[in-house]
Structure formats: C-alpha cells, structure tokens
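Worksheet: one structure, shown below.
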Amino acid sequence: MNQDFSIRALLGDSLLPPNEARMLMAHVLEKYYQLPRTALLSRDVMALSSEVMMQWQELQSKRLAGEPIAYLIGKRGFHNIELYVAPGVLIPRPETELLVEIGLQEIGRLPQAATVLDLGTGSGAIALAIAAAAPQALLMASDQSEEALEIAKLNANALSLATRVQFTKGSWYEAISKHARFDIILSNPPYISGQDPHLMQGDLCFEPISALTDHASGLSCLEAIIAGAKEHLNPNGLIAVEHGFDQSKKVLEMMKTAGLRDIEGRQDLAGHCRVALGRNSGDQ
Ligand SMILES: C[S@@+](CC[C@H](N)C(=O)[O-])C[C@H]1O[C@@H](n2cnc3c(N)ncnc32)[C@H](O)[C@@H]1O
C-alpha cells in the first residue's frame, strides 16, 4: 500500500476540525523539524518520517479523546506573553486578561512603583503579564499548589522575569507576611460550584480540580480573599477578583461587608459581569 504521509494529505485526512489539526501539525513541525508555522503551506508536500507520524497520530488521538490543545502543545498565549502549560495548572483564559488590564490601569495611575499581589497564580499568568508590561511594578505571586508554582517559576525564567516576581506558597494570605501591604491585589480563584456539571465536561475535566472549584458553593475562596483584603492593602489600594457570570451580586455584597469602597463590577467582552473591584479606605 502506498500511503501518503505528506503534511497536506495528513491534514486533509484528519478527523479534527481544520484549525485544530493545523495547530497540532505546526507543533509537530516545530518540535521535530524546527520548522516555523509557515511550513504548513510552504512545505506541504513534505512527508513526515514514520517516527514523527506516530507522534502525530498520538496527538490526534489524544485530542479526539478531549485533551486540551494547550496541554498537547504545551503552551498558551495570554495577554502579551506566551506561557508554558501542563496538566498541573489551569489553562489561562482570555477573560482573565481583564484583571491584567485593570491592574495595568491602576499601575499607570500611581505615582510610585506599584506593589502587586497575585493570589492563586497558577501558571503565573496574571503576575507575569503585568511584570512584562509594567517594568517598574514589584510583584508577588502565591499558590498553594507546589506543581503550579514550579510551572510559574519555569515561565518566569523563560520570560526573563524571574527577578521581577517573588513566588510564595500557601493558602491565600497565609502565603505572605501578616504585615505585608500591597497597592493592588488581583485574583482569579476557583469559583465553580462543586455541583456544577461543567466540571465533568470539555477541557475542565483535564484541568486540576483544585484550580476550578472549592468543592462547595463556589464562593468560599472569593469570600476568604475579599475578607482579608483590607489587612493587606495600602490606603486606597485596589482589589479586583474574577468570578462566575452569575456570582456578581454576591461578590459585590462581600466587598461591601468587608468594608471596601468604590465597589463596582466590570463586564467581559460577552457582556457578563465577571470582575468585582473595591478599594481600601484612604486613612490608615
Ligand atoms: C482558577 S486558577 C487561576 C490560575 C491563574 N491565576 C490564571 O488565571 O490562569 C486558581 C488557582 O488558585 C490556586 N488555589 C486554589 N486554592 C488555593 C488556596 N487556598 N490558596 C492559594 N491558591 C489556591 C489553584 O492552585 C490555582 O492555581
């Protein structure tokens, strides 16, 4: 049998959606032949070796079984940076870029070099995107997952930002000194309810469960982060947290109860309120 292992034939025969097949093939070409993405077109008659063919087939099968593309190719673009991702961390989502934008806007408003805390940093997404875009800012990033912190540190090194972000391990504010104060606290905590059937679907069932849910109502991590914010914010300091599309009212209420002021919700591009902001009082 005369099989055609050319890039063009393999893409044409793939059972994956064309954009996904191209993403996986571009990864194969880069990893095994050091070829750029443009080779998908410019070298499309090139045949893969039988060893590389096996890798291609394995990647396709894993994707067909539902594994997220980002884990298969080991990377995901986020804001202005590219991050290494692996099954130990959440795959950063585009909606979380809103937190980065809010942080950068606040940094631009402050006369001094801003201090920023990223609680539950995962791959390092929020802290590293801010460090890359705001060269004066001083960042601290925490997580309770050792695996996540290892990946975040790999990303910091790969992006030459290791001296800009201090990583620390522990549960929310337990990871930092009780006297530490910041100009900005940002967090995208686990906020999916433990009962939510989406946890068993799509990409979510491949991501670390501790990054997705509190195994309760979905609000307990947000509650802990908001309740402790005043103690760790400078006067006028800002906290912004991401939450689920149906949690806005409750999260804004938590901010009120925590004694924050200038409380507001911000919408994502789809028009859902997905971030809550509040400030510490100015007189401490
Ligand atoms: C939704 S993920 C967000 C990851 C990253 N910030 C992002 O936006 O891509 C939540 C992160 O919080 C961490 N986490 C969960 N519970 C925590 C806790 N009690 N203390 C600190 N981090 C926690 C998880 O390990 C995970 O990395």
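All residue names refer to the structure tokens as shown: chains lettered A, B, ... in order, residues numbered from 1 in each chain, ligands numbered from 1 in order.
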Practice item. Give the strand (DSSP E) residues of range 12-171 of chain A, as assigned by DSSP on the backbone, as a ChimeraX atom specification. Key: /A:75-78,81-84,115-119,138-143,165-169
Review point. Quick one: residues within 7 Å of ligand 1, with only C-alpha atoms and all ligand atoms, as a PyMOL selection string?
Key: chain A and resi 89-93+96+119-126+142-145+148+170-172+187-190+210-212+221
**Study point:** Nearest to Ile185 in chain A, chosen from A:Leu138, A:Leu159, A:Met200, A:Leu83, with only C-alpha atoms counted in the distances
**Key:** A:Leu138
Review point. Neighbours of Ala270 in chain A within 12 Å (only C-alpha atoms; same-chain residues fewer than 5 positions away dropped), as a PyMOL selection string?
Key: chain A and resi 94-95+245
Using N, CA and C atoms, can you write the selected residues to a file as an mmCIF file, in the first residue's frame?
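Final file, part-v2.cif:
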data_model
loop_
_atom_site.group_PDB
_atom_site.id
_atom_site.type_symbol
_atom_site.label_atom_id
_atom_site.label_comp_id
_atom_site.auth_asym_id
_atom_site.auth_seq_id
_atom_site.Cartn_x
_atom_site.Cartn_y
_atom_site.Cartn_z
ATOM 1 N N PRO A 94 -8.896 33.834 28.170
ATOM 2 C CA PRO A 94 -8.871 35.218 27.681
ATOM 3 C C PRO A 94 -9.587 36.185 28.625
ATOM 4 N N GLU A 95 -10.665 35.735 29.302
ATOM 5 C CA GLU A 95 -11.412 36.681 30.156
ATOM 6 C C GLU A 95 -10.564 37.182 31.328
ATOM 7 N N PHE A 245 -20.183 34.102 36.001
ATOM 8 C CA PHE A 245 -21.102 35.079 35.377
ATOM 9 C C PHE A 245 -22.352 35.337 36.215
#
Check your understanding: Which value, in Å to one decimal, gives the distance between CA of Ile73 in chain A and CA of Val28 in chain A?
Key -> 8.6 Å
Exercise for review: Write out as a ChimeraX atom specification the residues lying within 12 Å of Ala65 in chain A, counting only C-alpha atoms and excluding same-chain residues fewer than 5 positions away.
Suggested key: /A:15-16,58-60,72,201-203,205-206
Would you write out those residues with all heavy atoms, as a compact mmCIF listing (two decimals), in the first residue's frame?
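What ended up in part-v1.txt:
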# COMPACT_ATOMS: atom_id res chain seq x y z
N LEU A 15 -9.44 13.85 11.28
CA LEU A 15 -10.82 13.93 11.76
C LEU A 15 -11.05 15.15 12.66
O LEU A 15 -12.17 15.40 13.11
CB LEU A 15 -11.18 12.67 12.55
CG LEU A 15 -11.10 11.35 11.76
CD1 LEU A 15 -11.35 10.17 12.68
CD2 LEU A 15 -12.11 11.37 10.61
N LEU A 16 -9.98 15.88 12.92
CA LEU A 16 -10.10 17.06 13.78
C LEU A 16 -10.62 18.26 12.98
O LEU A 16 -10.43 18.32 11.76
CB LEU A 16 -8.72 17.43 14.34
CG LEU A 16 -8.10 16.47 15.33
CD1 LEU A 16 -6.66 16.86 15.62
CD2 LEU A 16 -8.92 16.44 16.62
N GLU A 58 -0.56 10.03 17.69
CA GLU A 58 -0.84 10.02 19.13
C GLU A 58 -1.48 11.35 19.56
O GLU A 58 -2.45 11.36 20.31
CB GLU A 58 0.46 9.79 19.89
CG GLU A 58 0.21 9.48 21.35
CD GLU A 58 1.49 9.29 22.12
OE1 GLU A 58 2.48 8.78 21.56
OE2 GLU A 58 1.49 9.67 23.30
N LEU A 59 -0.94 12.45 19.05
CA LEU A 59 -1.51 13.76 19.39
C LEU A 59 -2.96 13.85 18.92
O LEU A 59 -3.83 14.32 19.66
CB LEU A 59 -0.71 14.88 18.72
CG LEU A 59 0.60 15.28 19.38
CD1 LEU A 59 1.33 16.29 18.51
CD2 LEU A 59 0.34 15.90 20.76
N GLN A 60 -3.19 13.38 17.70
CA GLN A 60 -4.57 13.43 17.18
C GLN A 60 -5.52 12.61 18.05
O GLN A 60 -6.61 13.05 18.37
CB GLN A 60 -4.61 12.83 15.77
CG GLN A 60 -4.21 13.77 14.68
CD GLN A 60 -4.69 13.22 13.35
OE1 GLN A 60 -5.61 13.74 12.77
NE2 GLN A 60 -4.07 12.15 12.90
N LEU A 72 -1.53 19.68 24.97
CA LEU A 72 -0.86 18.85 23.95
C LEU A 72 0.33 19.58 23.34
O LEU A 72 1.36 18.97 23.06
CB LEU A 72 -1.86 18.43 22.86
CG LEU A 72 -2.97 17.48 23.34
CD1 LEU A 72 -3.97 17.21 22.21
CD2 LEU A 72 -2.38 16.17 23.83
N GLN A 201 -16.98 18.20 32.05
CA GLN A 201 -17.08 18.35 30.59
C GLN A 201 -15.90 19.10 29.99
O GLN A 201 -15.27 19.92 30.66
CB GLN A 201 -18.37 19.12 30.24
CG GLN A 201 -19.65 18.39 30.59
CD GLN A 201 -20.86 19.33 30.58
OE1 GLN A 201 -20.81 20.44 30.05
NE2 GLN A 201 -21.94 18.88 31.19
N GLY A 202 -15.66 18.84 28.70
CA GLY A 202 -14.69 19.61 27.91
C GLY A 202 -13.31 19.65 28.55
O GLY A 202 -12.86 18.70 29.19
N ASP A 203 -12.64 20.81 28.36
CA ASP A 203 -11.28 20.98 28.90
C ASP A 203 -11.25 20.81 30.42
O ASP A 203 -10.26 20.35 30.98
CB ASP A 203 -10.76 22.39 28.58
CG ASP A 203 -10.31 22.53 27.13
OD1 ASP A 203 -10.51 21.58 26.35
OD2 ASP A 203 -9.75 23.59 26.78
N CYS A 205 -12.44 18.80 32.56
CA CYS A 205 -12.17 17.52 33.24
C CYS A 205 -10.70 17.12 33.13
O CYS A 205 -10.29 16.14 33.75
CB CYS A 205 -13.13 16.42 32.80
SG CYS A 205 -13.26 16.16 31.08
N PHE A 206 -9.89 17.86 32.37
CA PHE A 206 -8.45 17.57 32.31
C PHE A 206 -7.63 18.52 33.19
O PHE A 206 -6.44 18.34 33.36
CB PHE A 206 -7.95 17.69 30.86
CG PHE A 206 -8.47 16.58 29.98
CD1 PHE A 206 -9.68 16.70 29.34
CD2 PHE A 206 -7.74 15.41 29.82
CE1 PHE A 206 -10.17 15.68 28.54
CE2 PHE A 206 -8.22 14.38 29.03
CZ PHE A 206 -9.44 14.52 28.38
Point to revise | Nearest to Ala227 in chain A by atom-to-atom distance, counting only C-alpha atoms, from A:Ala258, A:Ala240, A:Leu252, A:Ile81 | key: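 When distances to Ala227 in chain A are compared using only C-alpha atoms, the smallest one comes from A:Ala258.
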Practice item. Determine which residues of range 251-282 of chain A DSSP labels as alpha helix (DSSP H) from the backbone of this structure, then write them out as a list in words. Key: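 Residues meeting the alpha helix (DSSP H) criterion: Val251, Leu252, Glu253, Met254, Met255, Lys256 and Thr257 of chain A.
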How would the residues just chosen look if you wrote them out with N, CA and C atoms as a PDB file, in the first residue's frame?
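Okay, this is what ended up in part.pdb:
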ATOM      1  N   VAL A 251     -20.747  38.706  45.123  1.00  0.00           N
ATOM      2  CA  VAL A 251     -19.348  39.128  45.320  1.00  0.00           C
ATOM      3  C   VAL A 251     -19.299  40.625  45.659  1.00  0.00           C
ATOM      4  N   LEU A 252     -20.130  41.422  44.999  1.00  0.00           N
ATOM      5  CA  LEU A 252     -20.165  42.862  45.315  1.00  0.00           C
ATOM      6  C   LEU A 252     -20.637  43.065  46.757  1.00  0.00           C
ATOM      7  N   GLU A 253     -21.578  42.234  47.181  1.00  0.00           N
ATOM      8  CA  GLU A 253     -22.067  42.284  48.569  1.00  0.00           C
ATOM      9  C   GLU A 253     -20.943  41.944  49.547  1.00  0.00           C
ATOM     10  N   MET A 254     -20.139  40.921  49.190  1.00  0.00           N
ATOM     11  CA  MET A 254     -19.000  40.543  50.060  1.00  0.00           C
ATOM     12  C   MET A 254     -18.045  41.720  50.227  1.00  0.00           C
ATOM     13  N   MET A 255     -17.852  42.474  49.144  1.00  0.00           N
ATOM     14  CA  MET A 255     -16.928  43.619  49.204  1.00  0.00           C
ATOM     15  C   MET A 255     -17.469  44.688  50.144  1.00  0.00           C
ATOM     16  N   LYS A 256     -18.791  44.871  50.089  1.00  0.00           N
ATOM     17  CA  LYS A 256     -19.428  45.852  50.978  1.00  0.00           C
ATOM     18  C   LYS A 256     -19.246  45.422  52.435  1.00  0.00           C
ATOM     19  N   THR A 257     -19.535  44.152  52.692  1.00  0.00           N
ATOM     20  CA  THR A 257     -19.407  43.612  54.054  1.00  0.00           C
ATOM     21  C   THR A 257     -17.968  43.734  54.553  1.00  0.00           C
TER      22      THR A 257
END
Practice item. List the neighbours of Ile7 in chain A out to 10 Å using only C-alpha atoms; skip same-chain residues closer than 4 positions along the sequence, and give me the result as a ChimeraX atom specification. Key: /A:11-13,22,25-26,29,39-41,43-48
Export of prior selection with N, CA and C atoms as an mmCIF file, in the first residue's frame:
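Listed below is the output, result.cif:
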data_model
loop_
_atom_site.group_PDB
_atom_site.id
_atom_site.type_symbol
_atom_site.label_atom_id
_atom_site.label_comp_id
_atom_site.auth_asym_id
_atom_site.auth_seq_id
_atom_site.Cartn_x
_atom_site.Cartn_y
_atom_site.Cartn_z
ATOM 1 N N LEU A 11 -3.248 16.489 6.851
ATOM 2 C CA LEU A 11 -4.223 17.490 7.307
ATOM 3 C C LEU A 11 -5.586 17.221 6.662
ATOM 4 N N GLY A 12 -5.555 16.862 5.383
ATOM 5 C CA GLY A 12 -6.809 16.599 4.666
ATOM 6 C C GLY A 12 -7.543 15.393 5.242
ATOM 7 N N ASP A 13 -6.796 14.398 5.721
ATOM 8 C CA ASP A 13 -7.422 13.169 6.245
ATOM 9 C C ASP A 13 -7.825 13.271 7.708
ATOM 10 N N ARG A 22 -4.295 21.938 12.173
ATOM 11 C CA ARG A 22 -3.156 22.796 11.793
ATOM 12 C C ARG A 22 -2.315 23.168 13.007
ATOM 13 N N MET A 25 -0.290 20.126 13.927
ATOM 14 C CA MET A 25 0.757 19.864 12.923
ATOM 15 C C MET A 25 1.874 20.907 13.030
ATOM 16 N N ALA A 26 1.494 22.160 13.276
ATOM 17 C CA ALA A 26 2.526 23.197 13.424
ATOM 18 C C ALA A 26 3.432 22.859 14.603
ATOM 19 N N LEU A 29 5.786 20.057 13.514
ATOM 20 C CA LEU A 29 6.839 20.550 12.604
ATOM 21 C C LEU A 29 7.897 21.335 13.364
ATOM 22 N N ALA A 39 5.534 26.604 7.388
ATOM 23 C CA ALA A 39 5.834 25.353 6.657
ATOM 24 C C ALA A 39 4.567 24.548 6.376
ATOM 25 N N LEU A 40 3.489 24.837 7.133
ATOM 26 C CA LEU A 40 2.212 24.153 6.873
ATOM 27 C C LEU A 40 1.815 24.344 5.406
ATOM 28 N N LEU A 41 2.138 25.513 4.857
ATOM 29 C CA LEU A 41 1.828 25.798 3.454
ATOM 30 C C LEU A 41 3.061 25.623 2.577
ATOM 31 N N ARG A 43 5.806 23.986 2.900
ATOM 32 C CA ARG A 43 6.422 22.653 2.791
ATOM 33 C C ARG A 43 5.341 21.569 2.792
ATOM 34 N N ASP A 44 4.151 21.874 2.277
ATOM 35 C CA ASP A 44 3.038 20.938 2.486
ATOM 36 C C ASP A 44 3.167 19.607 1.747
ATOM 37 N N VAL A 45 4.141 19.509 0.844
ATOM 38 C CA VAL A 45 4.341 18.195 0.187
ATOM 39 C C VAL A 45 5.372 17.350 0.947
ATOM 40 N N MET A 46 5.991 17.953 1.958
ATOM 41 C CA MET A 46 6.990 17.211 2.739
ATOM 42 C C MET A 46 6.311 16.045 3.480
ATOM 43 N N ALA A 47 6.951 14.876 3.436
ATOM 44 C CA ALA A 47 6.379 13.720 4.137
ATOM 45 C C ALA A 47 6.996 13.601 5.525
ATOM 46 N N LEU A 48 6.180 13.244 6.517
ATOM 47 C CA LEU A 48 6.706 13.015 7.866
ATOM 48 C C LEU A 48 7.392 11.655 7.906
#
Check your understanding: For Leu99 in chain A, which residue out of A:Arg279, A:His243, A:His272, A:Lys230 is the nearest one, using only C-alpha atoms?
Key ->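 Ranking A:Arg279, A:His243, A:His272, A:Lys230 by distance to Leu99 in chain A, first place goes to A:His243.
Residues within 10 Å of Leu104 in chain A, counting only C-alpha atoms and excluding same-chain residues fewer than 6 positions away, are Leu98, Ala114, Ala129, Ile130, Ala131, Ala133, Ala134, Ala137 and Ile184 of chain A.
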With C-alpha atoms retained, export the selected residues as a PDB file, in the first residue's frame.
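Generated output (again16.pdb):
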ATOM      1  CA  LEU A  98      -9.456  41.832  32.097  1.00  0.00           C
ATOM      2  CA  ALA A 114       3.302  49.761  42.398  1.00  0.00           C
ATOM      3  CA  ALA A 129       1.756  39.503  32.095  1.00  0.00           C
ATOM      4  CA  ILE A 130       1.861  42.525  34.436  1.00  0.00           C
ATOM      5  CA  ALA A 131       5.609  42.192  35.030  1.00  0.00           C
ATOM      6  CA  ALA A 133       4.022  45.147  30.577  1.00  0.00           C
ATOM      7  CA  ALA A 134       4.940  47.281  33.622  1.00  0.00           C
ATOM      8  CA  ALA A 137       5.989  47.161  39.207  1.00  0.00           C
ATOM      9  CA  ILE A 184      -3.043  46.109  44.148  1.00  0.00           C
TER      10      ILE A 184
END
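Nearest to Asp183 in chain A of all the residues A:His215, A:His232, A:Lys250, A:Lys169 is A:His232, counting only C-alpha atoms.
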Exercise for review: Just the residues within 10 Å of Ile102 in chain A, please, counting only C-alpha atoms, with nothing from its chain fewer than 5 positions along; format it as a list of chain:residue names.
Suggested key: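 Surrounding residues, per the criterion: A:Glu97, A:Ile107, A:Gly108, A:Ile184, A:Leu186, A:Leu238, A:Ile239, A:Ala240, A:Arg266, A:Val275, A:Leu277.
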Output file for the residues above (N, CA and C atoms, as a PDB file, in the first residue's frame):
ATOM      1  N   GLU A  97      -7.662  38.232  31.142  1.00  0.00           N
ATOM      2  CA  GLU A  97      -6.875  39.396  30.699  1.00  0.00           C
ATOM      3  C   GLU A  97      -7.490  40.700  31.215  1.00  0.00           C
ATOM      4  N   ILE A 107      -1.736  50.672  37.913  1.00  0.00           N
ATOM      5  CA  ILE A 107      -0.289  50.925  37.989  1.00  0.00           C
ATOM      6  C   ILE A 107       0.032  52.266  37.312  1.00  0.00           C
ATOM      7  N   GLY A 108      -0.624  52.522  36.186  1.00  0.00           N
ATOM      8  CA  GLY A 108      -0.407  53.774  35.449  1.00  0.00           C
ATOM      9  C   GLY A 108      -0.860  55.008  36.228  1.00  0.00           C
ATOM     10  N   ILE A 184      -2.045  46.804  44.977  1.00  0.00           N
ATOM     11  CA  ILE A 184      -3.043  46.109  44.148  1.00  0.00           C
ATOM     12  C   ILE A 184      -3.040  44.622  44.506  1.00  0.00           C
ATOM     13  N   LEU A 186      -4.790  41.119  43.011  1.00  0.00           N
ATOM     14  CA  LEU A 186      -5.572  40.546  41.910  1.00  0.00           C
ATOM     15  C   LEU A 186      -5.718  39.049  42.161  1.00  0.00           C
ATOM     16  N   LEU A 238      -6.234  48.812  45.715  1.00  0.00           N
ATOM     17  CA  LEU A 238      -7.325  48.243  44.907  1.00  0.00           C
ATOM     18  C   LEU A 238      -7.285  46.716  44.925  1.00  0.00           C
ATOM     19  N   ILE A 239      -8.457  46.097  45.088  1.00  0.00           N
ATOM     20  CA  ILE A 239      -8.545  44.645  44.874  1.00  0.00           C
ATOM     21  C   ILE A 239      -9.489  44.391  43.711  1.00  0.00           C
ATOM     22  N   ALA A 240      -9.117  43.455  42.837  1.00  0.00           N
ATOM     23  CA  ALA A 240     -10.005  43.039  41.740  1.00  0.00           C
ATOM     24  C   ALA A 240      -9.973  41.519  41.666  1.00  0.00           C
ATOM     25  N   ARG A 266     -17.220  44.775  36.595  1.00  0.00           N
ATOM     26  CA  ARG A 266     -16.791  45.012  35.205  1.00  0.00           C
ATOM     27  C   ARG A 266     -17.207  43.818  34.348  1.00  0.00           C
ATOM     28  N   VAL A 275     -15.837  40.536  36.830  1.00  0.00           N
ATOM     29  CA  VAL A 275     -14.799  41.012  37.752  1.00  0.00           C
ATOM     30  C   VAL A 275     -15.446  41.992  38.718  1.00  0.00           C
ATOM     31  N   LEU A 277     -14.473  44.929  41.722  1.00  0.00           N
ATOM     32  CA  LEU A 277     -13.383  45.785  42.209  1.00  0.00           C
ATOM     33  C   LEU A 277     -13.821  46.512  43.470  1.00  0.00           C
TER      34      LEU A 277
END
Practice item. Would you please work out which residue, of A:Phe167, A:Phe182, A:Trp56, A:Tyr33, is nearest to Leu10 in chain A when using only C-alpha atoms? Key: A:Trp56
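Using only C-alpha atoms, the shortest contact distance between Arg76 in chain A and any of A:Met23, A:Leu64, A:Met53, A:Ile226 is found at A:Met23.
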